[in-house]
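Below is data_3.txt, which holds compact mmCIF, C-alpha atoms.
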```
# COMPACT_ATOMS: atom_id res chain seq x y z
CA MET X 40 -20.03 28.97 11.71
CA ALA X 41 -21.05 32.41 10.52
CA ASN X 42 -21.70 33.00 6.84
CA LEU X 43 -20.78 35.96 4.70
CA THR X 44 -23.52 38.57 4.77
CA ARG X 45 -23.20 38.98 1.01
CA LEU X 46 -21.67 37.14 -1.89
CA VAL X 47 -18.18 38.37 -2.82
CA THR X 48 -17.45 38.06 -6.51
CA TYR X 49 -14.63 40.58 -6.96
CA GLY X 50 -11.13 39.18 -6.43
CA PRO X 51 -9.43 42.27 -4.88
CA GLU X 52 -12.28 42.64 -2.39
CA ALA X 53 -11.88 39.04 -1.28
CA TRP X 54 -8.12 39.56 -1.05
CA ASN X 55 -8.60 42.50 1.32
CA MET X 56 -10.80 40.31 3.54
CA LEU X 57 -8.15 37.59 3.59
CA GLN X 58 -6.15 39.19 6.40
CA GLY X 59 -6.04 37.62 9.85
CA VAL X 60 -5.87 34.48 11.97
CA PHE X 61 -7.90 31.33 11.36
CA CYS X 62 -8.00 27.81 12.75
CA VAL X 63 -7.88 24.48 10.92
CA TYR X 64 -7.92 20.83 11.95
CA LYS X 65 -4.57 19.33 11.00
CA PRO X 66 -4.82 15.62 10.14
CA ALA X 67 -2.25 13.15 11.43
CA ASP X 68 0.66 12.10 9.19
CA MET X 69 0.61 15.53 7.56
CA SER X 70 3.41 18.01 8.13
CA ILE X 71 2.65 21.64 8.89
CA LYS X 72 4.41 22.68 5.68
CA PHE X 73 2.16 20.37 3.66
CA VAL X 74 -0.87 21.95 5.36
CA ARG X 75 0.45 25.35 4.35
CA ASN X 76 0.85 24.28 0.71
CA VAL X 77 -2.69 22.84 0.58
CA VAL X 78 -4.27 25.95 2.14
CA VAL X 79 -2.33 28.35 -0.08
CA GLY X 80 -3.18 26.30 -3.18
CA ASN X 81 -6.88 26.27 -2.33
CA LEU X 82 -6.94 30.01 -1.66
CA CYS X 83 -5.22 30.79 -4.98
CA ARG X 84 -7.64 28.48 -6.79
CA ASP X 85 -10.71 30.18 -5.29
CA LEU X 86 -9.34 33.71 -5.75
CA ASN X 87 -8.57 33.13 -9.41
CA VAL X 88 -12.17 32.00 -10.04
CA LEU X 89 -13.47 35.40 -8.91
CA GLU X 90 -13.68 38.44 -11.16
CA PRO X 91 -10.13 39.83 -11.54
CA ARG X 92 -9.18 43.45 -11.61
CA PRO X 93 -9.14 44.92 -15.13
CA PRO X 94 -5.75 45.39 -16.81
CA ARG X 95 -4.17 48.76 -16.16
CA PRO X 96 -4.32 50.92 -19.32
CA LEU X 97 -1.18 52.00 -21.11
CA VAL X 98 -0.83 55.77 -21.30
CA ALA X 99 0.67 56.76 -24.65
CA ILE X 100 1.91 60.25 -25.57
CA GLU X 101 1.96 60.67 -29.36
CA GLY X 102 3.04 63.53 -31.59
CA SER X 103 6.12 65.68 -32.02
CA VAL X 104 7.52 68.36 -29.75
CA GLY X 105 6.61 71.14 -32.15
CA ASP X 106 3.07 69.92 -32.68
CA LYS X 107 0.29 69.36 -30.22
CA LEU X 108 0.88 66.24 -28.12
CA LEU X 109 -1.89 63.69 -27.96
CA VAL X 110 -2.32 61.67 -24.78
CA THR X 111 -4.27 58.43 -25.23
CA GLN X 112 -4.95 55.28 -23.28
CA LYS X 113 -4.40 51.96 -24.96
CA GLU X 114 -4.89 48.38 -23.92
CA ASN X 115 -1.87 47.21 -21.93
CA PHE X 116 -1.05 43.70 -23.08
CA ALA X 117 1.81 43.50 -20.58
CA ASP X 118 -0.79 43.50 -17.76
CA HIS X 119 -3.24 41.16 -19.47
CA PRO X 120 -4.09 37.85 -17.71
CA LEU X 121 -3.32 35.92 -20.90
CA VAL X 122 0.24 37.25 -20.69
CA LEU X 123 0.82 37.27 -16.93
CA GLY X 124 -1.18 34.16 -16.12
CA SER X 125 -3.29 33.83 -12.97
CA ARG X 126 -3.62 37.00 -10.91
CA TYR X 127 -2.97 35.23 -7.59
CA GLN X 128 0.08 33.03 -7.20
CA PRO X 129 1.17 30.97 -4.15
CA LYS X 130 4.14 33.29 -3.68
CA ASP X 131 1.75 36.22 -3.15
CA LEU X 132 0.26 34.68 0.01
CA LYS X 133 2.03 34.75 3.35
CA LEU X 134 0.99 31.98 5.74
CA SER X 135 2.42 31.46 9.23
CA TRP X 136 1.53 29.24 12.18
CA ALA X 137 1.32 29.92 15.90
CA LEU X 138 2.65 26.47 16.85
CA HIS X 139 4.70 24.04 14.79
CA LEU X 140 2.76 20.82 15.30
CA ASP X 141 4.61 17.55 14.87
CA LYS X 142 3.71 15.43 11.85
CA ASN X 143 2.15 12.76 14.09
CA ILE X 144 -0.05 15.28 15.96
CA SER X 145 -3.55 16.02 14.73
CA GLY X 146 -6.03 18.61 15.92
CA VAL X 147 -6.24 22.36 16.43
CA CYS X 148 -3.76 24.40 14.38
CA VAL X 149 -3.82 28.22 14.44
CA LEU X 150 -2.65 29.86 11.21
CA GLY X 151 -2.29 33.44 10.01
CA VAL X 152 -2.61 34.66 6.43
CA ASN X 153 -0.97 37.85 5.10
CA SER X 154 -1.20 40.43 7.92
CA GLY X 155 -2.36 37.60 10.19
CA SER X 156 1.31 36.79 10.80
CA LYS X 157 1.19 39.52 13.44
CA GLY X 158 -1.70 37.66 15.04
CA THR X 159 0.18 34.36 15.20
CA HIS X 160 3.11 36.21 16.77
CA ARG X 161 0.69 37.62 19.34
CA VAL X 162 -0.59 34.10 20.07
CA ARG X 163 2.97 32.86 20.64
CA GLU X 164 3.72 35.76 22.95
CA GLY X 165 0.52 35.00 24.89
CA ARG X 166 2.03 31.64 25.97
CA LEU X 167 -1.33 29.92 25.94
CA ILE X 168 -1.80 26.53 27.56
CA ARG X 169 -2.56 23.69 25.17
CA THR X 170 -4.56 20.55 25.84
CA TYR X 171 -3.81 17.17 24.25
CA THR X 172 -5.34 13.73 24.33
CA ILE X 173 -2.55 11.17 24.08
CA SER X 174 -3.21 7.48 23.57
CA GLY X 175 -0.74 4.76 24.41
CA GLN X 176 -0.28 1.02 24.57
CA PHE X 177 1.44 -0.96 27.30
CA GLY X 178 3.66 -3.92 26.56
CA ARG X 179 6.01 -2.74 23.83
CA ALA X 180 8.57 -0.04 23.08
CA THR X 181 9.91 1.28 19.79
CA ASP X 182 12.99 3.20 18.76
CA THR X 183 10.89 6.31 18.01
CA HIS X 184 8.53 5.98 21.02
CA PHE X 185 5.68 5.88 18.45
CA TYR X 186 3.69 2.84 17.37
CA ASP X 187 5.02 2.83 13.79
CA GLY X 188 8.66 2.57 14.88
CA LYS X 189 10.83 -0.53 15.13
CA VAL X 190 9.91 -2.65 18.17
CA VAL X 191 12.93 -2.87 20.47
CA GLU X 192 11.37 -4.34 23.62
CA ARG X 193 8.29 -6.20 24.83
CA ALA X 194 7.10 -6.55 28.42
CA ARG X 195 4.22 -7.87 30.52
CA TRP X 196 1.46 -5.40 31.34
CA GLY X 197 -1.10 -7.50 33.25
CA HIS X 198 -0.04 -6.04 36.61
CA VAL X 199 -0.98 -2.48 35.58
CA THR X 200 -4.19 -1.18 37.17
CA ARG X 201 -6.03 2.10 36.91
CA GLY X 202 -4.95 2.98 40.44
CA LYS X 203 -1.28 2.40 39.67
CA LEU X 204 -1.58 4.47 36.50
CA LEU X 205 -3.23 7.28 38.45
CA ARG X 206 -0.45 7.30 41.06
CA ALA X 207 2.18 7.38 38.31
CA ILE X 208 0.68 10.38 36.54
CA MET X 209 0.27 12.15 39.90
CA THR X 210 4.00 11.68 40.45
CA ILE X 211 4.76 13.27 37.08
CA GLN X 212 2.40 16.16 37.75
CA ALA X 213 3.91 16.78 41.20
CA ALA X 214 7.41 16.90 39.69
CA HIS X 215 6.31 19.59 37.25
CA GLN X 216 4.65 21.56 40.03
CA ARG X 217 7.95 21.60 41.90
CA LYS X 218 9.67 22.71 38.72
CA ALA X 219 7.16 25.57 38.41
CA ILE X 220 8.13 26.82 41.85
CA ASP X 221 11.79 26.65 40.88
CA TYR X 222 11.07 29.15 38.09
CA LEU X 223 10.07 31.64 40.78
CA GLY X 224 13.38 31.28 42.57
CA LEU X 225 11.60 30.63 45.87
CA ASP X 226 11.85 27.93 48.48
CA PRO X 227 8.98 25.49 47.79
CA HIS X 228 8.35 25.17 51.54
CA SER X 229 8.28 28.93 52.14
CA GLN X 230 5.29 31.16 52.76
CA GLU X 231 6.33 33.36 49.84
CA ALA X 232 5.97 30.49 47.36
CA TYR X 233 2.55 29.57 48.75
CA GLU X 234 1.27 33.15 48.55
CA ALA X 235 2.67 33.66 45.06
CA LEU X 236 0.93 30.57 43.68
CA SER X 237 -2.35 31.08 45.53
CA SER X 238 -2.71 34.74 44.56
CA ASN X 239 -1.45 34.70 40.96
CA GLY X 240 -2.20 31.21 39.66
CA LEU X 241 -0.10 29.22 37.22
CA VAL X 242 3.54 29.78 36.31
CA ARG X 243 4.18 30.38 32.64
CA PRO X 244 7.85 30.04 31.65
CA ALA X 245 9.55 31.50 28.59
CA MET X 246 9.09 29.87 25.19
CA THR X 247 12.70 28.68 25.22
CA SER X 248 12.29 26.92 28.58
CA ALA X 249 11.71 23.22 29.10
CA PRO X 250 8.17 21.84 28.68
CA MET X 251 5.88 22.10 31.67
CA ILE X 252 2.82 19.97 32.45
CA TYR X 253 0.00 21.62 34.39
CA GLY X 254 -2.44 18.71 34.47
CA LEU X 255 -2.66 14.98 33.76
CA SER X 256 -5.83 12.93 33.87
CA ILE X 257 -7.04 9.54 32.65
CA VAL X 258 -9.63 9.71 29.87
CA GLU X 259 -9.82 6.01 29.01
CA PHE X 260 -8.32 2.85 30.53
CA ASN X 261 -8.78 -0.41 28.63
CA LEU X 262 -5.68 -2.56 28.96
CA PRO X 263 -3.34 -2.60 27.20
CA TYR X 264 -4.61 0.68 25.76
CA PHE X 265 -5.11 3.95 27.62
CA THR X 266 -5.73 7.63 26.88
CA LEU X 267 -4.53 10.64 28.89
CA GLU X 268 -5.42 14.32 28.79
CA VAL X 269 -2.39 16.58 29.13
CA LEU X 270 -2.35 20.34 29.82
CA CYS X 271 1.06 21.73 28.99
CA ILE X 272 3.17 24.49 27.52
CA ASN X 273 6.43 24.57 25.51
CA GLU X 274 5.81 20.96 24.52
CA THR X 275 6.93 19.16 21.37
CA GLY X 276 5.81 15.96 19.72
CA GLU X 277 8.95 14.17 20.84
CA TYR X 278 8.42 15.25 24.43
CA LEU X 279 4.82 13.97 24.51
CA LYS X 280 6.01 10.60 23.19
CA LEU X 281 8.67 10.51 25.87
CA VAL X 282 6.05 11.13 28.57
CA ILE X 283 4.26 7.92 27.55
CA HIS X 284 7.56 6.02 27.43
CA ASP X 285 8.57 7.20 30.92
CA LEU X 286 5.12 6.36 32.22
CA GLY X 287 5.61 2.76 31.16
CA LEU X 288 8.94 2.59 32.95
CA LYS X 289 7.39 3.95 36.15
CA LEU X 290 4.86 1.11 36.00
CA LYS X 291 7.63 -1.49 35.49
CA THR X 292 6.62 -2.24 31.93
CA THR X 293 6.94 -0.53 28.55
CA ALA X 294 4.60 1.81 26.73
CA VAL X 295 4.42 3.35 23.28
CA CYS X 296 2.44 6.33 22.02
CA THR X 297 -0.25 5.49 19.47
CA GLN X 298 -2.00 8.84 18.91
CA MET X 299 -1.57 12.53 19.77
CA ARG X 300 -4.35 15.05 19.31
CA CYS X 301 -4.41 18.74 20.19
CA ILE X 302 -7.96 19.53 21.31
CA ARG X 303 -7.39 23.06 22.58
CA HIS X 304 -4.95 25.91 22.03
CA GLY X 305 -5.87 28.69 24.43
CA PRO X 306 -9.39 29.81 23.43
CA TRP X 307 -9.38 27.74 20.22
CA THR X 308 -11.11 24.37 20.42
CA LEU X 309 -12.13 21.67 17.95
CA ASN X 310 -15.37 23.58 17.34
CA HIS X 311 -13.38 26.42 15.75
CA ALA X 312 -11.18 24.20 13.55
CA LEU X 313 -11.95 23.85 9.85
CA LEU X 314 -11.88 20.35 8.41
CA ARG X 315 -9.85 19.76 5.28
CA LYS X 316 -12.95 19.83 3.09
CA HIS X 317 -13.57 23.39 4.38
CA TRP X 318 -10.09 24.74 3.59
CA SER X 319 -11.57 27.12 1.05
CA LEU X 320 -11.74 30.89 0.59
CA GLU X 321 -15.30 31.29 1.88
CA HIS X 322 -14.85 29.23 5.04
CA ILE X 323 -11.45 30.73 5.86
CA ILE X 324 -12.76 34.30 5.57
CA ASN X 325 -15.67 33.38 7.85
CA ASN X 326 -13.27 31.76 10.32
CA ILE X 327 -11.07 34.87 10.33
CA GLY X 328 -14.10 36.83 11.53
CA VAL X 329 -14.73 34.30 14.30
CA CYS X 330 -11.09 34.32 15.45
CA LYS X 331 -10.61 38.09 15.33
CA PRO X 332 -12.01 38.83 18.84
CA MET X 333 -10.06 35.88 20.28
CA VAL X 334 -6.77 37.35 19.08
CA LYS X 335 -7.67 40.77 20.49
CA ASN X 336 -8.33 39.24 23.92
CA ILE X 337 -4.83 37.72 24.08
CA THR X 338 -2.39 39.77 26.12
CA PRO X 339 1.32 39.17 25.45
CA GLN X 340 2.93 37.88 28.64
CA THR X 341 6.39 37.94 30.11
CA PRO X 342 7.82 34.76 31.70
CA SER X 343 6.17 35.05 35.09
CA LEU X 344 3.06 34.14 37.01
CA ILE X 345 -0.22 34.28 35.12
CA ASN X 346 -3.74 34.81 36.25
CA ILE X 347 -5.69 31.59 36.12
CA GLU X 348 -8.74 33.44 34.75
CA THR X 349 -6.95 34.21 31.49
CA GLU X 350 -6.65 30.57 30.48
CA HIS X 351 -9.28 28.36 28.89
CA THR X 352 -9.07 24.72 29.96
CA ASP X 353 -11.45 21.90 30.75
CA ASN X 354 -9.99 20.93 34.10
CA LEU X 355 -9.74 24.45 35.52
CA ASP X 356 -13.35 25.60 34.96
CA ILE X 357 -12.34 28.70 33.02
CA LYS X 358 -14.66 30.65 30.74
CA THR X 359 -13.99 32.57 27.55
CA ASN X 360 -16.06 34.60 25.14
CA SER X 361 -16.10 33.91 21.42
CA SER X 362 -18.36 36.02 19.24
CA ASN X 363 -18.97 35.48 15.54
CA CYS X 364 -18.25 38.02 12.86
CA PHE X 365 -19.22 38.29 9.20
```

What is this file in structure tokens?
Amino acid sequence: MANLTRLVTYGPEAWNMLQGVFCVYKPADMSIKFVRNVVVGNLCRDLNVLEPRPPRPLVAIEGSVGDKLLVTQKENFADHPLVLGSRYQPKDLKLSWALHLDKNISGVCVLGVNSGSKGTHRVREGRLIRTYTISGQFGRATDTHFYDGKVVERARWGHVTRGKLLRAIMTIQAAHQRKAIDYLGLDPHSQEAYEALSSNGLVRPAMTSAPMIYGLSIVEFNLPYFTLEVLCINETGEYLKLVIHDLGLKLKTTAVCTQMRCIRHGPWTLNHALLRKHWSLEHIINNIGVCKPMVKNITPQTPSLINIETEHTDNLDIKTNSSNCF
């Protein structure tokens, strides 16, 4: 992580630098709104420690109309910190997010502060592919499809093998590939569909469309526990839980999701995410400088085919540039 080239001690100067997109690591069991409150509270705390701007003087015009008027400047108690309180209040900061992560999902979370709301909107319009690691457990099912829900069913899981699990996830991936061709309005067995996919790459639907999975792979298999890596778009926390539940049904057993972690959001990875202990003014300003070129490289897309070179994923051998600023 880059460091500030010089120490900033003046509050308004730090405020002017606090404009842009940054990335944090969202812990599990923490809502996105709670993350926002913690970040905003920390920023206000650190800004108020810095040297504030001096109170604006009160211009007073004294004297009568017939005599010479005297213009003087007096101390303005109405603008004094002891009267107004802290210079920076939580309501002064605007904080937005590029993706509303479910409470049970941890990992990469892209946020924008003040003018950075335009950057988060640009990230959403870019329709970037996200990568998750999802852990599950065979043998039980809950009413919420998550491990902390009420157990509604138990089943045997000894017959499940790595090969069977691999065939099941290949079936799910193939179904989503067929759905991608349907977005093009072409016959999946036609030459036009083949040429469109081979020349342009992946299909990226609109944000209001159903979730689409581009890749599924096994990361860990240790019965009854397993971990999958999922490349998807337009997903939600509930949908990712349902994928694990349906996977158990395909294998003639039951399965429940135990953990969901976002490890990549477009060009942002875990290496760019700030831990909670680093949710401070200094680290966030440094992170804004790191994320600035990433936001500039994002091109807003329309729901159509995308070029595979514009994405940044592990399974697709795609490269991206990330330079440090500040």

> Which is closer to Gly254 (chain X) than all the others in X:Arg201, X:Arg169, X:His322, X:His119, using only C-alpha atoms?
Replying inline: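 Checking each candidate against Gly254 (chain X), we get X:Arg169 as the closest.
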
> Which distance in Å separates CA of Asn153 (chain X) and CA of Ile324 (chain X), to one decimal?
Replying inline: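 Separation between CA of Asn153 (chain X) and CA of Ile324 (chain X): 12.3 Å.
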
>> Would you pick out the contacts of Pro96 (chain X) at 7 Å or less, using all atoms listed in the file, so that residues sharing its chain but fewer than 5 positions from it are not included, and give the list as JSON, numbers by chain?
In response: {"X": [112, 113, 114, 115]}

> For Leu123 (chain X), which residue out of X:Pro94, X:Gly287, X:Pro66, X:Gly80 is the nearest one, using all atoms listed in the file?
Replying inline: X:Pro94

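In this model, the gap between CA of Ile168 (chain X) and CA of Gly202 (chain X) comes to 27.0 Å.
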
>> Show me the residues around (0.6, 34.3, 25.9) - criterion: an atom at most 9 Å away, all atoms listed in the file counted - as a VMD selection string.
In response: chain X and resid 161 to 168 243 305 337 to 341

>> Considering all atoms listed in the file, can you say which of X:Tyr171, X:Tyr127, X:Tyr253, X:Tyr278 comes closest to Gln216 (chain X)?
In response: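 The answer is X:Tyr253, which sits nearest to Gln216 (chain X).
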
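Excluding Val282 (chain X) itself and any same-chain residue fewer than 6 positions from it, the protein and nucleic acid residues within 12 Å of it, counting all atoms listed in the file, are Ile173, Ser174, Gly175, His184, Phe185, Ala207, Ile208, Ile211, Gln212, Pro250, Met251, Ile252, Leu255, Leu267, Glu268, Val269, Cys271, Glu274, Thr275, Gly276, Leu288, Lys289, Thr293, Ala294, Val295, Cys296 and Met299 of chain X.
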
> What does the distance between CA of Leu138 (chain X) and CA of Ser156 (chain X) come to in Å, to one decimal place?
Replying inline: 12.0 Å

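Minimum atom-to-atom distances from X:Leu57, X:Val78, X:Leu279, X:Ile323 to Thr183 (chain X) were compared using all atoms listed in the file, and the lowest value belongs to X:Leu279.
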
Work out where the centre of an axis-aligned box around every listed atom of region 294-308 of chain X lies and how long its edges are once 8 Å is added on each side; give both in Å to one decimal as lines of an AutoDock Vina configuration file.
```
center_x = -3.3
center_y = 15.8
center_z = 22.8
size_x = 31.7
size_y = 44.0
size_z = 23.8
```

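In this comparison, which uses only C-alpha atoms, the residue of X:Gly328, X:Gly197, X:Gly59, X:Gly124 approaching Trp136 (chain X) most closely is X:Gly59.
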
> Using only C-alpha atoms, which of the listed residues (X:Lys189, X:Arg179, X:Lys133, X:Lys291) sits closest to Leu204 (chain X)?
Replying inline: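 Result for the nearest residue to Leu204 (chain X): X:Lys291.
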
Since the input has fewer atoms than a full residue there, write region 166-179 of chain X out with N, CA, C and O atoms, as a PDB file, in the coordinates of the input.
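The resulting result.pdb:
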```pdb
ATOM      1  N   ARG X 166       1.643  32.849  25.234  1.00  0.00           N
ATOM      2  CA  ARG X 166       2.030  31.640  25.970  1.00  0.00           C
ATOM      3  C   ARG X 166       0.800  30.906  26.498  1.00  0.00           C
ATOM      4  O   ARG X 166       0.657  30.665  27.697  1.00  0.00           O
ATOM      5  N   LEU X 167      -0.086  30.571  25.572  1.00  0.00           N
ATOM      6  CA  LEU X 167      -1.330  29.920  25.940  1.00  0.00           C
ATOM      7  C   LEU X 167      -1.097  28.448  26.272  1.00  0.00           C
ATOM      8  O   LEU X 167      -0.242  27.790  25.678  1.00  0.00           O
ATOM      9  N   ILE X 168      -1.881  27.943  27.198  1.00  0.00           N
ATOM     10  CA  ILE X 168      -1.800  26.530  27.560  1.00  0.00           C
ATOM     11  C   ILE X 168      -2.546  25.698  26.525  1.00  0.00           C
ATOM     12  O   ILE X 168      -3.633  26.068  26.085  1.00  0.00           O
ATOM     13  N   ARG X 169      -1.962  24.582  26.159  1.00  0.00           N
ATOM     14  CA  ARG X 169      -2.560  23.690  25.170  1.00  0.00           C
ATOM     15  C   ARG X 169      -2.973  22.379  25.830  1.00  0.00           C
ATOM     16  O   ARG X 169      -2.331  21.935  26.787  1.00  0.00           O
ATOM     17  N   THR X 170      -4.025  21.793  25.303  1.00  0.00           N
ATOM     18  CA  THR X 170      -4.560  20.550  25.840  1.00  0.00           C
ATOM     19  C   THR X 170      -4.479  19.467  24.772  1.00  0.00           C
ATOM     20  O   THR X 170      -4.896  19.692  23.626  1.00  0.00           O
ATOM     21  N   TYR X 171      -3.951  18.304  25.162  1.00  0.00           N
ATOM     22  CA  TYR X 171      -3.810  17.170  24.250  1.00  0.00           C
ATOM     23  C   TYR X 171      -4.491  15.944  24.835  1.00  0.00           C
ATOM     24  O   TYR X 171      -4.574  15.794  26.062  1.00  0.00           O
ATOM     25  N   THR X 172      -4.981  15.096  23.952  1.00  0.00           N
ATOM     26  CA  THR X 172      -5.340  13.730  24.330  1.00  0.00           C
ATOM     27  C   THR X 172      -4.311  12.809  23.701  1.00  0.00           C
ATOM     28  O   THR X 172      -4.124  12.817  22.477  1.00  0.00           O
ATOM     29  N   ILE X 173      -3.623  12.044  24.539  1.00  0.00           N
ATOM     30  CA  ILE X 173      -2.550  11.170  24.080  1.00  0.00           C
ATOM     31  C   ILE X 173      -2.919   9.732  24.394  1.00  0.00           C
ATOM     32  O   ILE X 173      -3.213   9.406  25.550  1.00  0.00           O
ATOM     33  N   SER X 174      -2.902   8.903  23.394  1.00  0.00           N
ATOM     34  CA  SER X 174      -3.210   7.480  23.570  1.00  0.00           C
ATOM     35  C   SER X 174      -1.926   6.674  23.554  1.00  0.00           C
ATOM     36  O   SER X 174      -0.962   7.021  22.848  1.00  0.00           O
ATOM     37  N   GLY X 175      -1.920   5.608  24.333  1.00  0.00           N
ATOM     38  CA  GLY X 175      -0.740   4.760  24.410  1.00  0.00           C
ATOM     39  C   GLY X 175      -1.110   3.299  24.543  1.00  0.00           C
ATOM     40  O   GLY X 175      -2.282   2.946  24.734  1.00  0.00           O
ATOM     41  N   GLN X 176      -0.105   2.458  24.448  1.00  0.00           N
ATOM     42  CA  GLN X 176      -0.280   1.020  24.570  1.00  0.00           C
ATOM     43  C   GLN X 176       0.840   0.446  25.421  1.00  0.00           C
ATOM     44  O   GLN X 176       2.023   0.699  25.155  1.00  0.00           O
ATOM     45  N   PHE X 177       0.462  -0.294  26.447  1.00  0.00           N
ATOM     46  CA  PHE X 177       1.440  -0.960  27.300  1.00  0.00           C
ATOM     47  C   PHE X 177       1.945  -2.235  26.631  1.00  0.00           C
ATOM     48  O   PHE X 177       1.249  -2.850  25.828  1.00  0.00           O
ATOM     49  N   GLY X 178       3.161  -2.613  26.971  1.00  0.00           N
ATOM     50  CA  GLY X 178       3.660  -3.920  26.560  1.00  0.00           C
ATOM     51  C   GLY X 178       4.718  -3.911  25.492  1.00  0.00           C
ATOM     52  O   GLY X 178       5.352  -4.937  25.247  1.00  0.00           O
ATOM     53  N   ARG X 179       4.967  -2.788  24.847  1.00  0.00           N
ATOM     54  CA  ARG X 179       6.010  -2.740  23.830  1.00  0.00           C
ATOM     55  C   ARG X 179       6.629  -1.358  23.760  1.00  0.00           C
ATOM     56  O   ARG X 179       6.017  -0.374  24.175  1.00  0.00           O
TER      57      ARG X 179
END
```
